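Reproduced below: data_15.csv, with CSV, N, CA and C atoms.
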chain,number,residue,atom,x,y,z
A,1,MET,N,103.7,113.0,68.9
A,1,MET,CA,104.0,114.2,69.6
A,1,MET,C,104.3,113.8,71.1
A,2,LEU,N,105.4,114.3,71.6
A,2,LEU,CA,105.8,114.0,72.9
A,2,LEU,C,105.2,115.0,73.9
A,3,ASN,N,104.8,114.4,75.0
A,3,ASN,CA,104.2,115.2,76.1
A,3,ASN,C,105.4,115.9,76.9
A,4,GLU,N,105.2,117.1,77.3
A,4,GLU,CA,106.2,117.7,78.1
A,4,GLU,C,106.0,117.2,79.5
A,5,THR,N,107.1,116.9,80.2
A,5,THR,CA,107.0,116.5,81.6
A,5,THR,C,107.8,117.4,82.4
A,6,LYS,N,107.4,117.4,83.7
A,6,LYS,CA,108.1,118.2,84.7
A,6,LYS,C,109.5,117.7,84.9
A,7,ALA,N,110.5,118.6,85.1
A,7,ALA,CA,111.8,118.1,85.3
A,7,ALA,C,111.9,117.3,86.6
A,8,HIS,N,112.5,116.2,86.6
A,8,HIS,CA,112.7,115.3,87.7
A,8,HIS,C,113.6,115.9,88.7
A,9,ILE,N,113.1,116.3,89.9
A,9,ILE,CA,114.0,116.9,91.0
A,9,ILE,C,114.1,115.8,92.0
A,10,SER,N,115.3,115.3,92.2
A,10,SER,CA,115.6,114.2,93.1
A,10,SER,C,116.1,114.9,94.4
A,11,LYS,N,115.6,114.5,95.5
A,11,LYS,CA,116.0,114.9,96.8
A,11,LYS,C,116.4,113.7,97.7
A,12,LYS,N,117.4,113.8,98.5
A,12,LYS,CA,117.8,112.8,99.4
A,12,LYS,C,117.5,113.2,100.8
A,13,ILE,N,116.8,112.4,101.6
A,13,ILE,CA,116.5,112.7,103.0
A,13,ILE,C,117.1,111.5,103.8
A,14,ALA,N,117.9,111.9,104.8
A,14,ALA,CA,118.5,110.9,105.7
A,14,ALA,C,117.7,110.8,106.9
A,15,VAL,N,117.6,109.5,107.5
A,15,VAL,CA,117.0,109.3,108.7
A,15,VAL,C,117.9,108.5,109.6
A,16,ALA,N,118.2,109.0,110.8
A,16,ALA,CA,119.0,108.2,111.8
A,16,ALA,C,118.2,107.0,112.3
A,17,THR,N,118.9,105.9,112.3
A,17,THR,CA,118.2,104.6,112.8
A,17,THR,C,119.1,103.7,113.5
A,18,ASN,N,118.5,102.8,114.3
A,18,ASN,CA,119.3,101.7,114.9
A,18,ASN,C,118.9,100.4,114.4
A,19,ASP,N,117.8,100.3,113.7
A,19,ASP,CA,117.3,99.0,113.3
A,19,ASP,C,116.8,99.0,111.8
A,20,ASN,N,117.1,100.0,111.1
A,20,ASN,CA,116.7,100.2,109.7
A,20,ASN,C,115.2,100.3,109.5
A,21,VAL,N,114.4,100.6,110.6
A,21,VAL,CA,113.0,100.7,110.5
A,21,VAL,C,112.5,102.0,111.2
A,22,LEU,N,113.0,102.1,112.5
A,22,LEU,CA,112.6,103.2,113.3
A,22,LEU,C,113.6,104.4,113.3
A,23,VAL,N,113.0,105.6,113.6
A,23,VAL,CA,113.9,106.8,113.8
A,23,VAL,C,114.6,106.7,115.1
A,24,ALA,N,115.9,106.9,115.0
A,24,ALA,CA,116.8,106.7,116.2
A,24,ALA,C,116.5,107.8,117.2
A,25,GLY,N,116.8,107.5,118.5
A,25,GLY,CA,116.6,108.4,119.6
A,25,GLY,C,117.7,109.5,119.6
A,26,HIS,N,118.9,109.2,119.2
A,26,HIS,CA,120.0,110.2,119.3
A,26,HIS,C,120.8,110.0,118.0
A,27,VAL,N,121.0,111.0,117.2
A,27,VAL,CA,121.7,110.9,115.9
A,27,VAL,C,123.1,110.5,116.1
A,28,GLY,N,123.8,111.0,117.2
A,28,GLY,CA,125.2,110.7,117.4
A,28,GLY,C,125.5,109.2,117.7
A,29,ARG,N,124.5,108.6,118.3
A,29,ARG,CA,124.7,107.2,118.7
A,29,ARG,C,124.0,106.2,117.8
A,30,CYS,N,123.4,106.6,116.7
A,30,CYS,CA,122.7,105.7,115.8
A,30,CYS,C,123.6,104.7,115.1
A,31,LYS,N,123.1,103.6,114.7
A,31,LYS,CA,123.9,102.6,114.0
A,31,LYS,C,124.0,102.8,112.5
A,32,ALA,N,123.0,103.5,112.0
A,32,ALA,CA,123.0,103.7,110.5
A,32,ALA,C,122.1,104.9,110.2
A,33,PHE,N,122.2,105.2,108.9
A,33,PHE,CA,121.3,106.3,108.3
A,33,PHE,C,120.6,105.6,107.1
A,34,LEU,N,119.3,105.8,107.1
A,34,LEU,CA,118.5,105.4,105.9
A,34,LEU,C,118.5,106.6,105.0
A,35,ILE,N,118.9,106.4,103.8
A,35,ILE,CA,118.9,107.5,102.8
A,35,ILE,C,117.8,107.2,101.8
A,36,TYR,N,116.8,108.1,101.9
A,36,TYR,CA,115.6,108.0,101.0
A,36,TYR,C,115.8,108.9,99.8
A,37,GLU,N,115.8,108.4,98.6
A,37,GLU,CA,115.8,109.3,97.4
A,37,GLU,C,114.4,109.5,97.1
A,38,THR,N,114.0,110.8,96.9
A,38,THR,CA,112.6,111.1,96.6
A,38,THR,C,112.5,112.0,95.4
A,39,ASP,N,111.3,112.1,94.8
A,39,ASP,CA,111.1,113.0,93.7
A,39,ASP,C,110.4,114.3,94.2
A,40,GLY,N,110.4,114.4,95.5
A,40,GLY,CA,109.7,115.6,96.1
A,40,GLY,C,108.3,115.3,96.6
A,41,SER,N,107.7,114.2,96.2
A,41,SER,CA,106.4,113.8,96.7
A,41,SER,C,106.3,112.3,97.1
A,42,LYS,N,107.3,111.5,96.5
A,42,LYS,CA,107.2,110.1,96.9
A,42,LYS,C,108.7,109.5,97.0
A,43,ILE,N,108.8,108.4,97.6
A,43,ILE,CA,110.1,107.7,97.8
A,43,ILE,C,110.4,106.9,96.5
A,44,ILE,N,111.6,107.1,96.0
A,44,ILE,CA,112.0,106.4,94.8
A,44,ILE,C,112.9,105.2,95.1
A,45,SER,N,113.8,105.4,96.1
A,45,SER,CA,114.7,104.3,96.5
A,45,SER,C,115.2,104.5,97.9
A,46,LYS,N,115.8,103.5,98.5
A,46,LYS,CA,116.3,103.6,99.9
A,46,LYS,C,117.6,102.9,100.0
A,47,GLU,N,118.6,103.6,100.7
A,47,GLU,CA,119.9,103.1,100.8
A,47,GLU,C,120.2,103.1,102.3
A,48,ILE,N,121.0,102.1,102.8
A,48,ILE,CA,121.4,102.1,104.2
A,48,ILE,C,122.9,102.4,104.3
A,49,ARG,N,123.3,103.5,105.1
A,49,ARG,CA,124.7,103.8,105.3
A,49,ARG,C,125.0,103.6,106.7
A,50,GLU,N,125.9,102.7,107.0
A,50,GLU,CA,126.4,102.4,108.3
A,50,GLU,C,127.0,103.7,108.9
A,51,ASN,N,126.7,103.9,110.2
A,51,ASN,CA,127.3,105.1,110.9
A,51,ASN,C,128.7,104.9,111.3
A,52,SER,N,129.6,105.4,110.4
A,52,SER,CA,131.0,105.4,110.7
A,52,SER,C,131.4,106.9,110.8
A,53,PHE,N,130.4,107.8,110.9
A,53,PHE,CA,130.7,109.2,110.8
A,53,PHE,C,130.8,109.9,112.2
A,54,THR,N,130.2,109.4,113.2
A,54,THR,CA,130.2,110.1,114.5
A,54,THR,C,131.1,109.4,115.5
A,55,HIS,N,131.5,110.2,116.5
A,55,HIS,CA,132.4,109.7,117.6
A,55,HIS,C,131.6,108.8,118.5
A,56,HIS,N,130.3,108.9,118.5
A,56,HIS,CA,129.5,108.1,119.4
A,56,HIS,C,129.0,106.8,118.7
A,57,SER,N,129.3,106.6,117.4
A,57,SER,CA,128.8,105.5,116.7
A,57,SER,C,129.3,104.2,117.3
A,58,PRO,N,128.6,103.1,117.2
A,58,PRO,CA,129.0,101.8,117.7
A,58,PRO,C,130.3,101.3,117.2
A,59,ASN,N,130.7,101.8,116.0
A,59,ASN,CA,131.9,101.4,115.4
A,59,ASN,C,133.1,102.3,115.7
A,60,SER,N,132.9,103.3,116.5
A,60,SER,CA,133.9,104.3,116.8
A,60,SER,C,134.8,103.9,118.0
A,61,ASP,N,136.1,104.2,117.9
A,61,ASP,CA,136.9,104.0,119.1
A,61,ASP,C,136.5,104.9,120.2
A,62,HIS,N,135.8,105.9,119.9
A,62,HIS,CA,135.4,106.9,120.9
A,62,HIS,C,134.0,106.6,121.5
A,63,ALA,N,133.4,105.5,121.2
A,63,ALA,CA,132.1,105.2,121.6
A,63,ALA,C,131.9,105.2,123.1
A,64,LYS,N,133.0,104.8,123.9
A,64,LYS,CA,132.9,104.8,125.3
A,64,LYS,C,133.3,106.1,126.0
A,65,ASP,N,133.8,107.0,125.2
A,65,ASP,CA,134.3,108.3,125.7
A,65,ASP,C,133.3,109.3,125.7
A,66,HIS,N,132.7,109.6,126.9
A,66,HIS,CA,131.6,110.6,127.0
A,66,HIS,C,132.1,112.0,127.1
A,67,HIS,N,133.4,112.2,127.1
A,67,HIS,CA,134.0,113.5,127.3
A,67,HIS,C,134.8,113.9,126.0
A,68,HIS,N,134.4,113.5,124.9
A,68,HIS,CA,135.2,113.8,123.7
A,68,HIS,C,135.1,115.3,123.3
A,69,GLN,N,136.0,115.7,122.5
A,69,GLN,CA,136.1,117.1,122.1
A,69,GLN,C,135.1,117.4,120.9
A,70,HIS,N,134.4,118.5,121.0
A,70,HIS,CA,133.6,118.9,119.9
A,70,HIS,C,134.2,120.0,119.0
A,71,GLY,N,135.5,120.2,119.2
A,71,GLY,CA,136.2,121.3,118.6
A,71,GLY,C,136.1,121.2,117.0
A,72,ASP,N,136.1,120.0,116.5
A,72,ASP,CA,136.1,119.9,115.0
A,72,ASP,C,134.7,119.9,114.5
A,73,GLY,N,133.7,120.1,115.3
A,73,GLY,CA,132.3,120.1,114.9
A,73,GLY,C,131.9,118.7,114.5
A,74,HIS,N,131.1,118.6,113.6
A,74,HIS,CA,130.5,117.3,113.1
A,74,HIS,C,130.9,117.1,111.6
A,75,GLN,N,132.2,117.4,111.3
A,75,GLN,CA,132.6,117.4,109.9
A,75,GLN,C,132.5,116.0,109.3
A,76,ASN,N,132.8,114.9,110.0
A,76,ASN,CA,132.6,113.6,109.4
A,76,ASN,C,131.2,113.3,109.1
A,77,LEU,N,130.3,113.6,110.0
A,77,LEU,CA,128.8,113.4,109.7
A,77,LEU,C,128.4,114.2,108.5
A,78,VAL,N,128.7,115.5,108.5
A,78,VAL,CA,128.3,116.4,107.4
A,78,VAL,C,128.9,115.8,106.1
A,79,ALA,N,130.1,115.4,106.1
A,79,ALA,CA,130.7,114.8,104.9
A,79,ALA,C,130.0,113.6,104.4
A,80,GLY,N,129.6,112.7,105.4
A,80,GLY,CA,128.9,111.5,105.1
A,80,GLY,C,127.5,111.7,104.6
A,81,LEU,N,126.9,112.8,104.9
A,81,LEU,CA,125.5,113.1,104.5
A,81,LEU,C,125.4,114.3,103.5
A,82,LYS,N,126.6,114.7,102.9
A,82,LYS,CA,126.6,115.9,102.1
A,82,LYS,C,125.7,115.9,100.9
A,83,ASP,N,125.2,114.7,100.5
A,83,ASP,CA,124.3,114.6,99.3
A,83,ASP,C,122.8,114.6,99.8
A,84,CYS,N,122.6,114.8,101.1
A,84,CYS,CA,121.3,114.8,101.6
A,84,CYS,C,120.8,116.3,101.9
A,85,GLU,N,119.6,116.6,101.6
A,85,GLU,CA,119.1,117.9,101.9
A,85,GLU,C,118.6,118.0,103.4
A,86,SER,N,118.2,116.9,104.0
A,86,SER,CA,117.6,116.9,105.3
A,86,SER,C,118.1,115.7,106.1
A,87,LEU,N,118.1,115.8,107.4
A,87,LEU,CA,118.3,114.7,108.3
A,87,LEU,C,117.2,114.7,109.3
A,88,ILE,N,116.5,113.6,109.4
A,88,ILE,CA,115.4,113.4,110.3
A,88,ILE,C,115.9,112.5,111.5
A,89,PHE,N,115.7,113.0,112.7
A,89,PHE,CA,116.1,112.2,113.9
A,89,PHE,C,115.2,112.7,115.1
A,90,ASN,N,115.3,111.9,116.2
A,90,ASN,CA,114.5,112.2,117.3
A,90,ASN,C,115.0,113.3,118.2
A,91,HIS,N,116.2,113.3,118.6
A,91,HIS,CA,116.8,114.4,119.4
A,91,HIS,C,118.3,114.4,119.2
A,92,GLY,N,118.9,115.6,119.4
A,92,GLY,CA,120.3,115.7,119.3
A,92,GLY,C,120.7,117.1,119.9
A,93,GLY,N,122.0,117.3,120.0
A,93,GLY,CA,122.5,118.5,120.6
A,93,GLY,C,122.5,119.7,119.7
A,94,TRP,N,122.5,120.9,120.3
A,94,TRP,CA,122.4,122.1,119.6
A,94,TRP,C,123.6,122.3,118.7
A,95,ARG,N,124.8,121.8,119.0
A,95,ARG,CA,125.9,122.0,118.1
A,95,ARG,C,125.7,121.2,116.8
A,96,LEU,N,125.2,120.0,116.9
A,96,LEU,CA,124.8,119.3,115.7
A,96,LEU,C,123.9,120.0,114.9
A,97,ILE,N,122.8,120.6,115.5
A,97,ILE,CA,121.8,121.3,114.7
A,97,ILE,C,122.5,122.5,114.0
A,98,GLU,N,123.3,123.2,114.6
A,98,GLU,CA,124.0,124.4,114.0
A,98,GLU,C,124.9,123.9,112.9
A,99,ASP,N,125.7,122.9,113.1
A,99,ASP,CA,126.6,122.4,112.1
A,99,ASP,C,125.9,121.9,110.9
A,100,LEU,N,124.8,121.2,111.0
A,100,LEU,CA,124.0,120.7,109.9
A,100,LEU,C,123.5,121.9,109.1
A,101,LYS,N,122.9,122.9,109.8
A,101,LYS,CA,122.4,124.1,109.1
A,101,LYS,C,123.5,124.9,108.4
A,102,ALA,N,124.7,124.9,109.0
A,102,ALA,CA,125.8,125.6,108.3
A,102,ALA,C,126.2,125.0,107.0
A,103,HIS,N,125.9,123.7,106.9
A,103,HIS,CA,126.3,123.0,105.7
A,103,HIS,C,125.1,122.6,104.8
A,104,ASN,N,124.0,123.4,105.0
A,104,ASN,CA,122.8,123.3,104.2
A,104,ASN,C,122.1,121.9,104.2
A,105,ILE,N,122.2,121.3,105.4
A,105,ILE,CA,121.4,120.1,105.7
A,105,ILE,C,120.4,120.5,106.7
A,106,THR,N,119.1,120.4,106.4
A,106,THR,CA,118.1,120.8,107.3
A,106,THR,C,117.9,119.7,108.4
A,107,PRO,N,118.1,120.1,109.7
A,107,PRO,CA,117.8,119.2,110.8
A,107,PRO,C,116.3,119.1,111.0
A,108,ILE,N,115.7,117.9,111.1
A,108,ILE,CA,114.3,117.8,111.3
A,108,ILE,C,114.1,116.8,112.5
A,109,LEU,N,113.8,117.4,113.7
A,109,LEU,CA,113.5,116.6,114.9
A,109,LEU,C,112.1,116.3,115.0
A,110,THR,N,111.8,115.0,115.3
A,110,THR,CA,110.4,114.6,115.3
A,110,THR,C,110.3,113.5,116.3
A,111,ASN,N,109.0,113.2,116.8
A,111,ASN,CA,108.7,112.1,117.6
A,111,ASN,C,108.1,111.0,116.8
A,112,GLU,N,108.0,111.2,115.5
A,112,GLU,CA,107.5,110.1,114.6
A,112,GLU,C,108.4,108.9,114.7
A,113,GLU,N,107.9,107.7,114.9
A,113,GLU,CA,108.7,106.6,115.2
A,113,GLU,C,109.2,105.8,113.9
A,114,VAL,N,108.3,105.6,112.9
A,114,VAL,CA,108.7,104.8,111.8
A,114,VAL,C,109.4,105.7,110.7
A,115,ALA,N,110.6,105.3,110.3
A,115,ALA,CA,111.4,106.2,109.4
A,115,ALA,C,110.6,106.5,108.1
A,116,GLU,N,110.1,105.5,107.4
A,116,GLU,CA,109.5,105.7,106.2
A,116,GLU,C,108.2,106.6,106.3
A,117,ASN,N,107.5,106.4,107.4
A,117,ASN,CA,106.3,107.3,107.6
A,117,ASN,C,106.8,108.7,107.9
A,118,ALA,N,107.9,108.9,108.6
A,118,ALA,CA,108.4,110.3,108.8
A,118,ALA,C,108.8,111.0,107.5
A,119,VAL,N,109.4,110.2,106.6
A,119,VAL,CA,109.8,110.8,105.3
A,119,VAL,C,108.6,111.1,104.5
A,120,LEU,N,107.6,110.2,104.4
A,120,LEU,CA,106.4,110.5,103.7
A,120,LEU,C,105.6,111.7,104.2
A,121,LYS,N,105.5,111.8,105.5
A,121,LYS,CA,104.8,112.9,106.2
A,121,LYS,C,105.6,114.2,105.9
A,122,TYR,N,106.9,114.1,105.9
A,122,TYR,CA,107.7,115.3,105.6
A,122,TYR,C,107.5,115.8,104.2
A,123,LEU,N,107.4,114.9,103.3
A,123,LEU,CA,107.2,115.2,101.9
A,123,LEU,C,105.8,115.8,101.6
A,124,ASN,N,104.9,115.4,102.4
A,124,ASN,CA,103.5,115.9,102.3
A,124,ASN,C,103.2,117.1,103.2
A,125,GLY,N,104.2,117.5,103.9
A,125,GLY,CA,104.0,118.7,104.8
A,125,GLY,C,103.2,118.4,106.1
A,126,ASN,N,103.2,117.1,106.5
A,126,ASN,CA,102.4,116.7,107.6
A,126,ASN,C,103.2,116.2,108.8
A,127,LEU,N,104.5,116.3,108.7
A,127,LEU,CA,105.4,115.8,109.8
A,127,LEU,C,105.4,116.8,110.9
A,128,VAL,N,105.1,116.3,112.1
A,128,VAL,CA,105.2,117.2,113.3
A,128,VAL,C,106.6,117.3,113.7
A,129,ILE,N,107.1,118.6,113.7
A,129,ILE,CA,108.4,118.9,114.1
A,129,ILE,C,108.5,119.1,115.6
A,130,SER,N,109.5,118.6,116.3
A,130,SER,CA,109.6,118.7,117.8
A,130,SER,C,110.8,119.4,118.2
A,131,GLU,N,110.8,120.8,118.1
A,131,GLU,CA,111.9,121.6,118.4
A,131,GLU,C,112.4,121.4,119.9
A,132,GLU,N,111.5,121.0,120.8
A,132,GLU,CA,111.8,120.8,122.2
A,132,GLU,C,112.8,119.6,122.4
A,133,ASN,N,113.0,118.8,121.3
A,133,ASN,CA,113.9,117.7,121.4
A,133,ASN,C,115.4,118.1,121.3
A,134,VAL,N,115.7,119.4,121.1
A,134,VAL,CA,117.1,119.8,121.1
A,134,VAL,C,117.7,119.8,122.4
A,135,CYS,N,118.8,119.1,122.6
A,135,CYS,CA,119.6,119.1,123.9
A,135,CYS,C,120.4,120.4,123.9
A,136,ARG,N,120.2,121.2,125.0
A,136,ARG,CA,120.9,122.5,125.1
A,136,ARG,C,121.9,122.4,126.2
A,137,SER,N,122.3,121.3,126.8
A,137,SER,CA,123.2,121.2,127.9
A,137,SER,C,124.6,121.7,127.4
A,138,HIS,N,125.3,122.3,128.2
A,138,HIS,CA,126.7,122.8,127.9
A,138,HIS,C,126.7,124.0,127.0
A,139,GLN,N,125.5,124.6,126.7
A,139,GLN,CA,125.4,125.7,125.8
A,139,GLN,C,125.9,127.0,126.5
A,140,GLN,N,126.7,127.8,125.8
A,140,GLN,CA,127.2,129.0,126.5
A,140,GLN,C,126.4,130.2,126.1
Can the structure from this file be put into structure tokens for me?
Amino acid sequence: MLNETKAHISKKIAVATNDNVLVAGHVGRCKAFLIYETDGSKIISKEIRENSFTHHSPNSDHAKDHHHQHGDGHQNLVAGLKDCESLIFNHGGWRLIEDLKAHNITPILTNEEVAENAVLKYLNGNLVISEENVCRSHQQ
């Protein structure tokens, strides 16, 4: 007789990082994203995605341009993380927060330093969210 098991629900959580260990200070300038696949309570696997999505990324031609246009929103970032339900990072601009929310990616700002610890605490409901980390400069 087979035992009934709960349906496996896989969730992907992205974490902005510069060194593949720590949560990055600013999502737009991070070098990569750690993508953690979870079953809702534990980490199943981890993938590293180089940040080629943002204008501020180290690999972008716009990395030195501090006056770039935000008119197109964060479409490349959203497209690059479209399979993730959440993005954990330390701080970022309000436009990024709104664009992530509009595309069903939950922005999670935290002062937690270690990426894997942040994901585990998030899964267990123990991650301290730091809403004060939202940059609101240039907000109309």
Using only N, CA and C atoms, which of the listed residues (A:Val23, A:Ala118, A:Cys135, A:Ala14) sits closest to A:Trp94?
A:Cys135
Using only C-alpha atoms: which of A:Leu87, A:Leu127, A:Val21, A:Leu81 has the shortest distance to A:Arg49:
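For A:Arg49, the nearest of the given residues is A:Leu81.
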Neighbouring residues of stretch 96-109 of chain A were defined as those with any atom within 8 Å, considering only C-alpha atoms; residues of the same chain fewer than 2 positions away were excluded. Please report them as number ranges by chain.
A: 73-74, 78, 82, 84-94, 111, 129-131, 133-134
Grab the residues selected above and save them as a PDB file, in the coordinates of the input with N, CA and C atoms.
ATOM      1  N   GLY A  73     133.700 120.100 115.300  1.00  0.00           N
ATOM      2  CA  GLY A  73     132.300 120.100 114.900  1.00  0.00           C
ATOM      3  C   GLY A  73     131.900 118.700 114.500  1.00  0.00           C
ATOM      4  N   HIS A  74     131.100 118.600 113.600  1.00  0.00           N
ATOM      5  CA  HIS A  74     130.500 117.300 113.100  1.00  0.00           C
ATOM      6  C   HIS A  74     130.900 117.100 111.600  1.00  0.00           C
ATOM      7  N   VAL A  78     128.700 115.500 108.500  1.00  0.00           N
ATOM      8  CA  VAL A  78     128.300 116.400 107.400  1.00  0.00           C
ATOM      9  C   VAL A  78     128.900 115.800 106.100  1.00  0.00           C
ATOM     10  N   LYS A  82     126.600 114.700 102.900  1.00  0.00           N
ATOM     11  CA  LYS A  82     126.600 115.900 102.100  1.00  0.00           C
ATOM     12  C   LYS A  82     125.700 115.900 100.900  1.00  0.00           C
ATOM     13  N   CYS A  84     122.600 114.800 101.100  1.00  0.00           N
ATOM     14  CA  CYS A  84     121.300 114.800 101.600  1.00  0.00           C
ATOM     15  C   CYS A  84     120.800 116.300 101.900  1.00  0.00           C
ATOM     16  N   GLU A  85     119.600 116.600 101.600  1.00  0.00           N
ATOM     17  CA  GLU A  85     119.100 117.900 101.900  1.00  0.00           C
ATOM     18  C   GLU A  85     118.600 118.000 103.400  1.00  0.00           C
ATOM     19  N   SER A  86     118.200 116.900 104.000  1.00  0.00           N
ATOM     20  CA  SER A  86     117.600 116.900 105.300  1.00  0.00           C
ATOM     21  C   SER A  86     118.100 115.700 106.100  1.00  0.00           C
ATOM     22  N   LEU A  87     118.100 115.800 107.400  1.00  0.00           N
ATOM     23  CA  LEU A  87     118.300 114.700 108.300  1.00  0.00           C
ATOM     24  C   LEU A  87     117.200 114.700 109.300  1.00  0.00           C
ATOM     25  N   ILE A  88     116.500 113.600 109.400  1.00  0.00           N
ATOM     26  CA  ILE A  88     115.400 113.400 110.300  1.00  0.00           C
ATOM     27  C   ILE A  88     115.900 112.500 111.500  1.00  0.00           C
ATOM     28  N   PHE A  89     115.700 113.000 112.700  1.00  0.00           N
ATOM     29  CA  PHE A  89     116.100 112.200 113.900  1.00  0.00           C
ATOM     30  C   PHE A  89     115.200 112.700 115.100  1.00  0.00           C
ATOM     31  N   ASN A  90     115.300 111.900 116.200  1.00  0.00           N
ATOM     32  CA  ASN A  90     114.500 112.200 117.300  1.00  0.00           C
ATOM     33  C   ASN A  90     115.000 113.300 118.200  1.00  0.00           C
ATOM     34  N   HIS A  91     116.200 113.300 118.600  1.00  0.00           N
ATOM     35  CA  HIS A  91     116.800 114.400 119.400  1.00  0.00           C
ATOM     36  C   HIS A  91     118.300 114.400 119.200  1.00  0.00           C
ATOM     37  N   GLY A  92     118.900 115.600 119.400  1.00  0.00           N
ATOM     38  CA  GLY A  92     120.300 115.700 119.300  1.00  0.00           C
ATOM     39  C   GLY A  92     120.700 117.100 119.900  1.00  0.00           C
ATOM     40  N   GLY A  93     122.000 117.300 120.000  1.00  0.00           N
ATOM     41  CA  GLY A  93     122.500 118.500 120.600  1.00  0.00           C
ATOM     42  C   GLY A  93     122.500 119.700 119.700  1.00  0.00           C
ATOM     43  N   TRP A  94     122.500 120.900 120.300  1.00  0.00           N
ATOM     44  CA  TRP A  94     122.400 122.100 119.600  1.00  0.00           C
ATOM     45  C   TRP A  94     123.600 122.300 118.700  1.00  0.00           C
ATOM     46  N   ASN A 111     109.000 113.200 116.800  1.00  0.00           N
ATOM     47  CA  ASN A 111     108.700 112.100 117.600  1.00  0.00           C
ATOM     48  C   ASN A 111     108.100 111.000 116.800  1.00  0.00           C
ATOM     49  N   ILE A 129     107.100 118.600 113.700  1.00  0.00           N
ATOM     50  CA  ILE A 129     108.400 118.900 114.100  1.00  0.00           C
ATOM     51  C   ILE A 129     108.500 119.100 115.600  1.00  0.00           C
ATOM     52  N   SER A 130     109.500 118.600 116.300  1.00  0.00           N
ATOM     53  CA  SER A 130     109.600 118.700 117.800  1.00  0.00           C
ATOM     54  C   SER A 130     110.800 119.400 118.200  1.00  0.00           C
ATOM     55  N   GLU A 131     110.800 120.800 118.100  1.00  0.00           N
ATOM     56  CA  GLU A 131     111.900 121.600 118.400  1.00  0.00           C
ATOM     57  C   GLU A 131     112.400 121.400 119.900  1.00  0.00           C
ATOM     58  N   ASN A 133     113.000 118.800 121.300  1.00  0.00           N
ATOM     59  CA  ASN A 133     113.900 117.700 121.400  1.00  0.00           C
ATOM     60  C   ASN A 133     115.400 118.100 121.300  1.00  0.00           C
ATOM     61  N   VAL A 134     115.700 119.400 121.100  1.00  0.00           N
ATOM     62  CA  VAL A 134     117.100 119.800 121.100  1.00  0.00           C
ATOM     63  C   VAL A 134     117.700 119.800 122.400  1.00  0.00           C
TER      64      VAL A 134
END
Expected axis-aligned box over every listed atom of stretch 7-23 of chain A, 4 Å added per side, centre plus edges in Å to one decimal, as lines of an AutoDock Vina configuration file:
center_x = 114.9
center_y = 108.8
center_z = 100.1
size_x = 16.8
size_y = 27.6
size_z = 38.0
Point-to-point distance in Å for atom CA of A:Ile44 and atom CA of A:Ala115
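Pair atom CA of A:Ala115 / atom CA of A:Ile44 returns 14.6 Å.
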Between atom N of A:Val15 and atom N of A:Glu132, what is the distance, to one decimal in Å?
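Going from atom N of A:Val15 over to atom N of A:Glu132 covers 18.6 Å.
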May I ask which of the residues A:Asn51, A:Ala79, A:Thr110, A:Gly125 is the closest one to A:Arg29, counting only N, CA and C atoms?
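Closest candidate: A:Asn51.
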Take atom CA of A:Gln75 and atom C of A:Lys121 and report the distance between them in Å, one decimal.
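Straight-line distance from atom CA of A:Gln75 to atom C of A:Lys121 works out to 27.5 Å.
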